[in-house]
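For reference, start.txt is printed below; it contains compact mmCIF, C-alpha atoms.
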# COMPACT_ATOMS: atom_id res chain seq x y z
CA MET A 46 22.71 9.09 17.79
CA SER A 47 23.50 12.66 18.80
CA SER A 48 24.12 14.18 15.36
CA LEU A 49 23.13 13.59 11.77
CA PRO A 50 25.89 12.52 9.34
CA SER A 51 26.10 14.46 6.11
CA SER A 52 26.36 11.36 3.92
CA VAL A 53 25.57 7.64 4.11
CA ASP A 54 25.31 4.72 1.74
CA VAL A 55 21.75 3.83 2.79
CA ALA A 56 19.18 5.98 4.58
CA ILE A 57 16.09 4.28 6.01
CA ILE A 58 13.09 6.50 6.71
CA GLY A 59 11.10 5.31 9.70
CA ALA A 60 12.15 3.31 12.77
CA GLY A 61 9.06 1.15 12.99
CA ALA A 62 9.24 -2.61 12.49
CA ALA A 63 9.93 -2.21 8.75
CA GLY A 64 12.80 0.23 9.16
CA LEU A 65 14.35 -1.84 11.92
CA GLY A 66 14.00 -4.99 9.82
CA ALA A 67 15.84 -3.25 7.00
CA ALA A 68 18.59 -2.03 9.33
CA HIS A 69 19.11 -5.54 10.72
CA ALA A 70 19.29 -7.01 7.23
CA LEU A 71 22.03 -4.52 6.25
CA ARG A 72 24.24 -5.32 9.22
CA GLY A 73 27.56 -6.76 8.18
CA SER A 74 27.18 -5.46 4.63
CA GLY A 75 29.96 -2.91 5.02
CA LEU A 76 27.54 -0.12 4.11
CA SER A 77 27.04 3.00 6.20
CA VAL A 78 23.39 3.01 7.31
CA ILE A 79 21.18 5.36 9.28
CA VAL A 80 17.51 5.13 10.27
CA LEU A 81 15.71 8.49 10.36
CA GLU A 82 12.79 8.58 12.80
CA ALA A 83 10.44 11.54 13.23
CA ARG A 84 9.31 10.46 16.69
CA ASN A 85 11.41 10.64 19.84
CA ARG A 86 11.20 6.84 20.19
CA ILE A 87 11.57 3.78 17.98
CA GLY A 88 8.84 1.28 17.21
CA GLY A 89 6.35 3.34 15.21
CA ARG A 90 2.89 1.85 15.61
CA ALA A 91 4.30 -0.76 17.99
CA TRP A 92 4.40 0.92 21.38
CA THR A 93 4.17 -0.41 24.93
CA VAL A 94 3.58 1.84 27.94
CA GLN A 95 3.44 1.24 31.68
CA ALA A 96 -0.10 2.54 32.10
CA SER A 97 0.03 2.07 35.88
CA PRO A 98 2.30 0.21 38.30
CA GLU A 99 0.16 -2.90 37.72
CA VAL A 100 -0.75 -2.55 34.03
CA ILE A 101 1.39 -2.93 30.89
CA PHE A 102 -0.47 -1.71 27.81
CA ASP A 103 0.25 -2.11 24.10
CA VAL A 104 -0.97 1.17 22.65
CA GLY A 105 -0.49 -0.26 19.15
CA CYS A 106 -0.15 -3.85 17.97
CA GLY A 107 -0.58 -6.46 20.67
CA TRP A 108 -0.99 -9.87 19.00
CA LEU A 109 1.54 -12.04 17.19
CA HIS A 110 -0.86 -12.86 14.37
CA SER A 111 -0.24 -16.05 12.34
CA SER A 112 2.22 -16.95 15.07
CA ASP A 113 3.54 -20.06 13.32
CA LYS A 114 4.69 -17.81 10.44
CA ASN A 115 5.51 -14.71 12.49
CA SER A 116 9.19 -13.72 12.42
CA PHE A 117 8.89 -11.88 15.73
CA VAL A 118 8.27 -15.17 17.57
CA SER A 119 11.85 -16.34 17.07
CA ILE A 120 13.11 -12.81 17.73
CA ALA A 121 11.19 -12.77 21.03
CA ARG A 122 12.81 -16.00 22.10
CA GLU A 123 16.26 -14.81 21.09
CA LEU A 124 15.75 -11.65 23.18
CA ASP A 125 14.34 -13.62 26.13
CA PHE A 126 10.80 -12.23 25.85
CA GLU A 127 8.13 -14.61 27.13
CA VAL A 128 5.72 -15.69 24.39
CA ASN A 129 2.22 -16.41 25.69
CA THR A 130 0.47 -19.07 23.61
CA ASP A 131 -2.91 -19.06 25.37
CA LEU A 132 -5.96 -18.85 23.13
CA PRO A 133 -7.28 -15.32 22.64
CA PRO A 134 -10.63 -14.57 24.30
CA TRP A 135 -12.48 -13.58 21.14
CA ARG A 136 -14.72 -16.62 20.72
CA GLU A 137 -14.58 -18.86 23.74
CA ARG A 138 -14.67 -16.66 26.82
CA ALA A 139 -17.72 -14.43 26.72
CA PHE A 140 -18.38 -12.92 30.14
CA GLY A 141 -21.77 -12.84 31.84
CA ASN A 142 -25.15 -13.12 30.19
CA VAL A 143 -24.78 -10.10 27.93
CA PHE A 144 -24.19 -12.25 24.85
CA PRO A 145 -25.85 -15.63 25.54
CA GLN A 146 -24.43 -18.80 24.07
CA SER A 147 -27.36 -19.27 21.70
CA ASP A 148 -26.80 -15.79 20.26
CA ARG A 149 -23.04 -16.35 20.04
CA ASP A 150 -23.60 -19.57 18.11
CA ASP A 151 -26.05 -17.85 15.77
CA PHE A 152 -23.66 -14.96 15.22
CA MET A 153 -20.67 -17.21 14.52
CA GLY A 154 -22.77 -19.16 12.01
CA ALA A 155 -23.65 -15.92 10.23
CA MET A 156 -20.02 -14.78 10.36
CA ASP A 157 -18.71 -18.04 8.91
CA ALA A 158 -21.33 -17.95 6.14
CA PHE A 159 -20.30 -14.39 5.30
CA TYR A 160 -16.65 -15.41 5.02
CA GLN A 161 -17.62 -18.31 2.76
CA ARG A 162 -19.50 -15.97 0.42
CA LEU A 163 -16.59 -13.54 0.48
CA TRP A 164 -14.20 -16.33 -0.46
CA GLU A 165 -16.43 -17.44 -3.33
CA VAL A 166 -16.46 -13.91 -4.75
CA ALA A 167 -12.66 -13.73 -4.47
CA GLN A 168 -12.26 -16.99 -6.38
CA LYS A 169 -14.02 -15.33 -9.31
CA GLY A 170 -11.38 -12.60 -9.29
CA GLU A 171 -13.93 -9.91 -8.45
CA ASP A 172 -12.51 -7.06 -6.37
CA ALA A 173 -15.90 -5.97 -5.07
CA PRO A 174 -16.53 -4.17 -1.78
CA ALA A 175 -16.65 -6.82 0.94
CA SER A 176 -20.03 -5.46 2.06
CA GLN A 177 -21.62 -6.99 -1.04
CA SER A 178 -21.10 -10.44 0.51
CA LEU A 179 -23.35 -9.65 3.47
CA GLU A 180 -26.64 -11.55 3.42
CA PRO A 181 -29.40 -8.96 2.86
CA GLY A 182 -31.46 -8.47 5.99
CA ASN A 183 -29.33 -10.68 8.25
CA ARG A 184 -29.74 -9.50 11.84
CA TRP A 185 -26.04 -9.87 12.49
CA ASN A 186 -24.80 -7.67 9.65
CA PRO A 187 -24.07 -4.64 11.86
CA MET A 188 -21.96 -6.75 14.20
CA ILE A 189 -20.13 -8.45 11.32
CA ASP A 190 -19.32 -4.94 10.11
CA ALA A 191 -18.11 -4.03 13.60
CA ILE A 192 -15.73 -7.00 13.58
CA SER A 193 -14.30 -5.66 10.31
CA THR A 194 -13.58 -2.33 11.96
CA TYR A 195 -11.47 -4.10 14.61
CA ILE A 196 -9.66 -6.33 12.10
CA ASN A 197 -9.30 -3.96 9.14
CA GLY A 198 -9.78 -0.53 10.70
CA CYS A 199 -12.65 0.13 8.28
CA GLU A 200 -16.19 -0.86 7.46
CA LEU A 201 -16.78 -3.61 4.90
CA LYS A 202 -17.87 -1.15 2.21
CA ASP A 203 -14.29 0.19 2.16
CA MET A 204 -12.57 -3.20 2.05
CA SER A 205 -11.31 -4.97 -1.08
CA THR A 206 -12.49 -8.56 -1.39
CA LEU A 207 -9.30 -9.64 -3.18
CA ASP A 208 -7.12 -7.97 -0.56
CA TRP A 209 -9.02 -9.82 2.18
CA ASP A 210 -8.43 -13.08 0.34
CA ALA A 211 -4.68 -12.42 -0.01
CA TYR A 212 -4.11 -12.21 3.74
CA GLU A 213 -2.59 -15.35 5.29
CA ASP A 214 -4.27 -16.11 8.60
CA SER A 215 -3.21 -19.32 10.34
CA ASN A 216 -5.59 -18.57 13.24
CA LEU A 217 -2.71 -18.73 15.72
CA ASN A 218 -2.53 -15.53 17.77
CA TRP A 219 0.01 -15.29 20.58
CA ARG A 220 1.16 -12.43 22.80
CA ILE A 221 4.22 -10.96 24.47
CA ARG A 222 3.84 -10.66 28.24
CA ARG A 223 6.14 -7.62 28.39
CA GLY A 224 4.43 -6.02 25.38
CA TYR A 225 4.79 -6.29 21.62
CA GLY A 226 5.96 -2.69 21.46
CA ALA A 227 8.63 -3.45 24.06
CA LEU A 228 9.82 -6.35 21.92
CA VAL A 229 10.08 -4.19 18.78
CA ALA A 230 11.97 -1.53 20.76
CA ALA A 231 14.40 -4.14 22.07
CA TYR A 232 14.86 -5.47 18.54
CA GLY A 233 15.89 -2.00 17.40
CA GLU A 234 17.99 -1.09 20.41
CA ASN A 235 21.36 -1.37 18.65
CA CYS A 236 20.29 0.02 15.29
CA PRO A 237 21.80 3.36 14.15
CA VAL A 238 18.78 5.65 14.61
CA ALA A 239 18.48 9.44 14.54
CA LEU A 240 15.40 10.35 16.61
CA SER A 241 13.24 13.46 16.21
CA CYS A 242 14.40 13.58 12.60
CA ASN A 243 11.40 14.32 10.39
CA VAL A 244 12.05 13.85 6.67
CA THR A 245 10.09 16.28 4.49
CA LEU A 246 11.71 15.97 1.03
CA ILE A 247 13.32 13.15 -0.94
CA ASP A 248 15.13 14.80 -3.86
CA HIS A 249 16.24 12.04 -6.25
CA ALA A 250 16.98 14.30 -9.23
CA GLY A 251 20.75 14.24 -8.85
CA LYS A 252 23.43 11.56 -8.81
CA ARG A 253 22.90 11.14 -5.08
CA ILE A 254 19.63 11.38 -3.20
CA ARG A 255 19.22 14.44 -1.02
CA LEU A 256 17.01 14.23 2.07
CA GLU A 257 15.73 17.34 3.81
CA THR A 258 15.02 16.70 7.47
CA SER A 259 14.27 18.63 10.64
CA LEU A 260 17.88 18.00 11.70
CA GLY A 261 19.50 19.09 8.45
CA THR A 262 20.28 17.75 4.99
CA LEU A 263 21.60 14.28 4.30
CA ALA A 264 22.94 12.67 1.09
CA ALA A 265 22.50 8.96 0.38
CA ASP A 266 23.06 6.53 -2.47
CA LYS A 267 20.00 4.42 -1.63
CA VAL A 268 16.90 5.22 0.40
CA ILE A 269 14.36 2.83 1.92
CA VAL A 270 11.01 4.50 2.62
CA THR A 271 8.96 2.76 5.33
CA VAL A 272 6.50 5.47 6.39
CA PRO A 273 2.72 4.84 6.62
CA THR A 274 0.73 5.20 3.41
CA ASN A 275 -1.21 8.24 4.61
CA LEU A 276 2.01 10.28 4.81
CA ILE A 277 2.83 9.42 1.19
CA ALA A 278 -0.72 9.96 -0.05
CA ASP A 279 -0.98 13.31 1.77
CA GLU A 280 2.52 14.23 0.50
CA ALA A 281 3.71 14.96 4.02
CA ILE A 282 6.92 13.57 2.56
CA ARG A 283 7.47 14.99 -0.94
CA PHE A 284 9.37 13.43 -3.79
CA SER A 285 11.28 15.50 -6.34
CA PRO A 286 10.80 14.61 -9.14
CA GLN A 287 7.28 13.67 -8.15
CA LEU A 288 6.22 10.02 -8.04
CA PRO A 289 2.49 10.12 -8.86
CA ALA A 290 2.28 6.33 -9.16
CA LYS A 291 3.48 5.97 -5.57
CA VAL A 292 1.11 8.65 -4.29
CA ASP A 293 -1.78 6.99 -6.11
CA ALA A 294 -0.89 3.53 -4.78
CA ALA A 295 -0.64 4.89 -1.23
CA GLY A 296 -4.03 6.55 -1.71
CA GLY A 297 -5.53 3.16 -2.58
CA LEU A 298 -4.15 1.75 0.69
CA PRO A 299 -5.34 4.22 3.34
CA LEU A 300 -4.81 3.59 7.02
CA GLY A 301 -7.97 2.64 8.84
CA VAL A 302 -8.43 3.37 12.52
CA ASP A 303 -8.28 0.87 15.37
CA ASP A 304 -8.02 2.47 18.80
CA LYS A 305 -7.53 0.97 22.23
CA VAL A 306 -8.08 2.05 25.79
CA THR A 307 -7.13 0.52 29.12
CA LEU A 308 -9.20 1.10 32.27
CA ALA A 309 -8.01 0.28 35.78
CA LEU A 310 -10.38 -2.21 37.41
CA ALA A 311 -10.86 -2.15 41.17
CA ASP A 312 -11.81 -5.41 42.92
CA ALA A 313 -10.39 -7.19 39.89
CA ASP A 314 -10.45 -10.63 41.53
CA ALA A 315 -14.23 -10.61 41.20
CA PHE A 316 -13.84 -10.74 37.43
CA PRO A 317 -12.50 -13.54 35.23
CA LYS A 318 -9.03 -13.42 33.76
CA GLU A 319 -8.93 -13.14 29.97
CA GLY A 320 -12.69 -12.61 29.64
CA ASN A 321 -14.45 -11.13 26.63
CA LEU A 322 -17.30 -8.65 26.71
CA ARG A 323 -19.12 -7.41 23.64
CA GLY A 324 -20.80 -4.06 23.43
CA ALA A 325 -24.23 -3.60 21.84
CA THR A 326 -24.57 -6.53 19.46
CA MET A 327 -26.92 -4.97 16.93
CA ARG A 328 -24.96 -1.98 15.72
CA THR A 329 -21.60 -1.33 14.13
CA ALA A 330 -20.67 1.62 16.38
CA MET A 331 -19.70 -0.40 19.42
CA GLY A 332 -16.70 -1.46 21.46
CA THR A 333 -15.43 -4.88 22.41
CA TYR A 334 -13.67 -5.51 25.72
CA HIS A 335 -10.91 -7.75 27.02
CA ILE A 336 -11.24 -8.31 30.76
CA ARG A 337 -8.03 -8.71 32.77
CA PRO A 338 -5.51 -9.46 30.01
CA PHE A 339 -2.65 -11.47 31.53
CA GLY A 340 -4.64 -11.31 34.76
CA GLN A 341 -3.90 -7.59 35.14
CA PRO A 342 -6.39 -5.41 37.07
CA CYS A 343 -7.77 -3.69 33.99
CA ILE A 344 -10.19 -3.88 31.08
CA GLU A 345 -9.00 -3.11 27.55
CA GLY A 346 -11.46 -1.65 25.06
CA PHE A 347 -11.24 -1.72 21.26
CA PHE A 348 -12.93 0.62 18.77
CA GLY A 349 -12.53 0.66 15.01
CA GLY A 350 -13.49 2.33 11.77
CA SER A 351 -15.53 5.52 11.52
CA PHE A 352 -16.75 5.13 15.12
CA ALA A 353 -13.17 5.22 16.41
CA ARG A 354 -12.46 8.21 14.21
CA ASP A 355 -15.50 10.03 15.60
CA LEU A 356 -14.41 9.30 19.16
CA GLU A 357 -10.94 10.66 18.42
CA ASP A 358 -12.49 13.80 16.99
CA ALA A 359 -14.46 14.21 20.24
CA GLY A 360 -11.18 14.83 22.08
CA ASP A 361 -9.00 13.35 24.79
CA GLY A 362 -10.86 10.99 27.09
CA ALA A 363 -13.78 10.34 24.74
CA ILE A 364 -12.75 6.74 24.08
CA ALA A 365 -12.43 6.00 27.79
CA ALA A 366 -15.77 7.68 28.53
CA GLN A 367 -17.51 5.65 25.81
CA SER A 368 -15.97 2.45 27.20
CA ILE A 369 -17.15 3.15 30.72
CA ASP A 370 -20.67 3.99 29.49
CA GLU A 371 -20.90 0.80 27.45
CA ILE A 372 -19.52 -1.42 30.20
CA ALA A 373 -21.96 0.12 32.71
CA ASP A 374 -24.85 -0.49 30.30
CA LEU A 375 -23.81 -4.13 30.05
CA LEU A 376 -22.81 -4.92 33.64
CA GLY A 377 -24.72 -2.35 35.68
CA SER A 378 -24.01 1.16 36.91
CA ASP A 379 -22.21 -0.06 40.05
CA ILE A 380 -19.15 -0.89 37.96
CA ARG A 381 -18.55 2.78 37.16
CA ARG A 382 -16.87 3.37 40.50
CA LYS A 383 -14.52 0.47 39.81
CA LEU A 384 -13.24 1.83 36.48
CA LYS A 385 -10.61 4.52 36.01
CA PRO A 386 -9.12 5.65 32.67
CA LEU A 387 -5.40 4.91 32.35
CA TYR A 388 -4.38 5.29 28.70
CA GLU A 389 -5.99 5.52 25.28
CA SER A 390 -4.66 5.61 21.73
CA ARG A 391 -5.59 8.17 19.10
CA TRP A 392 -3.80 6.89 16.02
CA ALA A 393 -5.64 9.00 13.47
CA GLN A 394 -4.47 12.09 15.37
CA ASP A 395 -0.84 10.91 15.43
CA PRO A 396 0.97 13.18 12.91
CA PHE A 397 3.45 10.46 11.98
CA ALA A 398 0.86 7.71 11.43
CA ARG A 399 -2.53 9.31 10.65
CA GLY A 400 -4.17 5.94 11.20
CA SER A 401 -3.57 2.42 12.46
CA TYR A 402 -2.88 0.10 9.53
CA SER A 403 -3.64 -0.18 5.84
CA HIS A 404 -6.59 -1.63 4.01
CA ALA A 405 -6.97 -1.81 0.24
CA LEU A 406 -9.99 0.02 -1.10
CA PRO A 407 -12.21 -2.00 -3.46
CA GLY A 408 -10.46 -2.23 -6.80
CA HIS A 409 -7.06 -1.48 -5.29
CA ALA A 410 -5.73 -4.87 -4.16
CA GLY A 411 -2.89 -4.52 -6.69
CA ASP A 412 -1.66 -1.31 -5.08
CA ARG A 413 0.40 -3.21 -2.51
CA ALA A 414 2.73 -4.51 -5.23
CA ALA A 415 2.75 -1.10 -6.93
CA LEU A 416 3.79 0.62 -3.69
CA ALA A 417 6.50 -1.99 -3.00
CA ALA A 418 8.20 -1.68 -6.40
CA PRO A 419 11.64 0.05 -6.37
CA VAL A 420 12.26 3.24 -8.35
CA ASP A 421 15.40 3.45 -10.50
CA GLU A 422 17.15 0.98 -8.17
CA ARG A 423 17.69 3.90 -5.76
CA LEU A 424 14.39 4.30 -3.92
CA PHE A 425 12.97 1.25 -2.16
CA PHE A 426 9.69 0.88 -0.28
CA ALA A 427 8.70 -1.18 2.75
CA GLY A 428 6.10 -1.16 5.51
CA GLU A 429 3.11 -3.31 6.39
CA ALA A 430 1.16 -1.88 3.45
CA THR A 431 3.71 -3.38 1.02
CA SER A 432 3.46 -6.90 2.42
CA PRO A 433 1.63 -9.17 -0.04
CA ASN A 434 0.20 -11.54 2.58
CA PHE A 435 0.82 -10.14 6.08
CA PHE A 436 -0.26 -6.52 5.71
CA THR A 437 -1.63 -4.81 8.85
CA THR A 438 0.88 -6.68 11.02
CA ALA A 439 4.19 -5.83 12.66
CA HIS A 440 5.85 -8.97 11.35
CA GLY A 441 4.62 -8.20 7.84
CA ALA A 442 6.26 -4.79 8.22
CA ARG A 443 9.51 -6.26 9.55
CA ASP A 444 9.68 -8.84 6.77
CA SER A 445 9.07 -6.14 4.15
CA GLY A 446 12.00 -4.14 5.52
CA GLU A 447 14.21 -7.18 5.18
CA ARG A 448 12.95 -7.65 1.61
CA ALA A 449 13.74 -4.01 0.72
CA ALA A 450 17.24 -4.33 2.21
CA LYS A 451 17.89 -7.37 0.04
CA GLU A 452 16.73 -5.36 -2.99
CA VAL A 453 19.28 -2.68 -2.07
CA LEU A 454 22.06 -5.23 -1.85
CA ALA A 455 21.02 -6.80 -5.16
CA ALA A 456 21.04 -3.37 -6.84
CA LEU A 457 24.50 -2.62 -5.50
CA SER A 458 25.80 -5.95 -6.76
CA ARG A 459 24.84 -4.93 -10.29
CA ILE A 460 26.88 -1.73 -10.24

Output the structure of this file as structure tokens.
Amino acid sequence: MSSLPSSVDVAIIGAGAAGLGAAHALRGSGLSVIVLEARNRIGGRAWTVQASPEVIFDVGCGWLHSSDKNSFVSIARELDFEVNTDLPPWRERAFGNVFPQSDRDDFMGAMDAFYQRLWEVAQKGEDAPASQSLEPGNRWNPMIDAISTYINGCELKDMSTLDWDAYEDSNLNWRIRRGYGALVAAYGENCPVALSCNVTLIDHAGKRIRLETSLGTLAADKVIVTVPTNLIADEAIRFSPQLPAKVDAAGGLPLGVDDKVTLALADADAFPKEGNLRGATMRTAMGTYHIRPFGQPCIEGFFGGSFARDLEDAGDGAIAAQSIDEIADLLGSDIRRKLKPLYESRWAQDPFARGSYSHALPGHAGDRAALAAPVDERLFFAGEATSPNFFTTAHGARDSGERAAKEVLAALSRI
């Protein structure tokens, strides 16, 4: 869209999965709709890049979690995107002798016991920090905490037990060969989007809502807000009159950090396809590695929580450098010459995300519903953080956008 209209029926802020889901749900309604996106691309935290001629890399989300309940699976098939249903490499395909089978079995036993204790606490209705369910003195506690940083973007001390329990995980995790970000972009291809349009103020004092943006001012009858929680909590987007309940709810659902890197791998045929390599197994500040995803000549590294944040703060290239150092420690220094940095994410440094995905702080599991609640039947809220059961995921975001659009239509039917 080359120019910004002065007035619409419904303005949607954010062209990530939630905003695009809302736009799709409003098609055929007869309403004038526009999606306002601060970036120069659609997709938000779903983003696929061609990291090299041989490597496709999902900078953001990469797995169709809970695939049997994931709305993007049917969308992928409708758009002729290949869905890969192979098992992920997390448990079964450890590479080399770095993490021997006996240790893996011991670790998985400790992990399963931790989850059982966590579940028992949740059944009592106690929203304690998840770290309280760790077995005191267990040798695997640092690594269990590391797994949390990959899954939740935060350490267990910052994770709500009740929020963990609310998440629906069917343990089916599929992938998109062409990239999850590419799928989300294709899904939004025909949506009415204004790019490089940063919204800074939502003035809902008058009869119509006034939006101040980097491309000018826009009036709307209804607004759907789908931006990440950190932008609301930091008041990067301001409301007038203020909405302290929304700011507080967003503050209880901060975005953790989960960063990824892809490294080109020379002599790739000497390495297994879809292999898994753990970093140091006795500390939380470590990476985990996916060898040759889809058979590509690369290794993907994953870092989460405060360690990922520290690596981002160290500057461009720090995540790749850490990955190469860890892999060399595990597989020998000769591998250094075979690895070349291609692309790394830095989501906490992204001004329009300020993190990867939400986690509820202990005591704040109820903030998801508080953030999702409409205001005066004019302001509506969506995004992965508002999903009651599929938060942190792209499909949870998409479904929440569809839910918000239905709330808009219901409100209009009552006028």

- request: Rank A:Ile460, A:Val118, A:Ala315, A:Ala91 by their smallest atom-to-atom distance to A:Ala230, using all atoms listed in the file, and report the top residue only.
  value: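 Smallest distance to A:Ala230 is found for A:Ala91.
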
message: Ranking A:Gly182, A:Gly428, A:Gly441, A:Gly297 by minimum distance to A:Gly64 and counting all atoms listed in the file, which one comes first?
response: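 With all atoms listed in the file as the atom set, the closest residue is A:Gly428.
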
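Take atom CA of A:Arg323 and atom CA of A:Gly346: the distance between them is 9.7 Å.
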
field: Close residues, A:Trp108 itself excluded, 7 Å, all atoms listed in the file, min 3 positions apart in chain, as a list in words
entry: Asn218, Trp219 and Arg220 of chain A

- request: Excluding A:Gly408 and any residue of its chain fewer than 3 positions from it, enumerate the residues within 8 Å of it, using only C-alpha atoms, and give them as a ChimeraX atom specification.
  value: /A:172-173,205,405,411

field: For stretch 283-288 of chain A: contacts at 9 Å, only C-alpha atoms, fewer than 3 positions along chain excluded, given as a VMD selection string
entry: chain A and resid 244 to 250 277 280 291 to 293

Just write the chosen residues, C-alpha atoms, as a tab-separated table (two decimals), in the coordinates of the input.
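So out_3.tsv came out as:
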chain	number	residue	atom	x	y	z
A	244	VAL	CA	12.05	13.85	6.67
A	245	THR	CA	10.09	16.28	4.49
A	246	LEU	CA	11.71	15.97	1.03
A	247	ILE	CA	13.32	13.15	-0.94
A	248	ASP	CA	15.13	14.80	-3.86
A	249	HIS	CA	16.24	12.04	-6.25
A	250	ALA	CA	16.98	14.30	-9.23
A	277	ILE	CA	2.83	9.42	1.19
A	280	GLU	CA	2.52	14.23	0.50
A	291	LYS	CA	3.48	5.97	-5.57
A	292	VAL	CA	1.11	8.65	-4.29
A	293	ASP	CA	-1.78	6.99	-6.11

- request: One decimal, Å: what's the distance from atom CA of A:Ala83 over to atom CA of A:Ala290, could you say?
  value: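 Value for the atom CA of A:Ala83-atom CA of A:Ala290 distance: 24.4 Å.
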
task: Have a look at atom CA of A:Ala67 and atom CA of A:Leu49 and let me know their distance in Å, one decimal.
output: 19.0 Å

query: Near A:Pro174, counting only C-alpha atoms, which residues have an atom at most 6 Å away, once you skip same-chain residues fewer than 4 positions from it, shown as a VMD selection string?
result: chain A and resid 202 204 to 206 407

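Candidate residues A:Met327, A:Val104, A:Leu457, A:Ile372 were compared for distance to A:Val306, and the nearest is A:Val104, using only C-alpha atoms.
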
Give me the residues near A:Ser401 as a CSV table (one decimal) with C-alpha atoms, in the coordinates of the input, where near means some atom within 12 Å (using all atoms listed in the file) and where sequence neighbours in that chain fewer than 3 positions away do not count.
chain,number,residue,atom,x,y,z
A,89,GLY,CA,6.4,3.3,15.2
A,90,ARG,CA,2.9,1.8,15.6
A,91,ALA,CA,4.3,-0.8,18.0
A,104,VAL,CA,-1.0,1.2,22.6
A,105,GLY,CA,-0.5,-0.3,19.2
A,106,CYS,CA,-0.2,-3.8,18.0
A,194,THR,CA,-13.6,-2.3,12.0
A,195,TYR,CA,-11.5,-4.1,14.6
A,196,ILE,CA,-9.7,-6.3,12.1
A,197,ASN,CA,-9.3,-4.0,9.1
A,198,GLY,CA,-9.8,-0.5,10.7
A,199,CYS,CA,-12.6,0.1,8.3
A,273,PRO,CA,2.7,4.8,6.6
A,274,THR,CA,0.7,5.2,3.4
A,275,ASN,CA,-1.2,8.2,4.6
A,298,LEU,CA,-4.2,1.8,0.7
A,299,PRO,CA,-5.3,4.2,3.3
A,300,LEU,CA,-4.8,3.6,7.0
A,301,GLY,CA,-8.0,2.6,8.8
A,302,VAL,CA,-8.4,3.4,12.5
A,303,ASP,CA,-8.3,0.9,15.4
A,304,ASP,CA,-8.0,2.5,18.8
A,305,LYS,CA,-7.5,1.0,22.2
A,348,PHE,CA,-12.9,0.6,18.8
A,349,GLY,CA,-12.5,0.7,15.0
A,350,GLY,CA,-13.5,2.3,11.8
A,353,ALA,CA,-13.2,5.2,16.4
A,354,ARG,CA,-12.5,8.2,14.2
A,390,SER,CA,-4.7,5.6,21.7
A,391,ARG,CA,-5.6,8.2,19.1
A,392,TRP,CA,-3.8,6.9,16.0
A,393,ALA,CA,-5.6,9.0,13.5
A,394,GLN,CA,-4.5,12.1,15.4
A,395,ASP,CA,-0.8,10.9,15.4
A,396,PRO,CA,1.0,13.2,12.9
A,397,PHE,CA,3.4,10.5,12.0
A,398,ALA,CA,0.9,7.7,11.4
A,404,HIS,CA,-6.6,-1.6,4.0
A,429,GLU,CA,3.1,-3.3,6.4
A,430,ALA,CA,1.2,-1.9,3.4
A,436,PHE,CA,-0.3,-6.5,5.7
A,437,THR,CA,-1.6,-4.8,8.8
A,438,THR,CA,0.9,-6.7,11.0
A,439,ALA,CA,4.2,-5.8,12.7
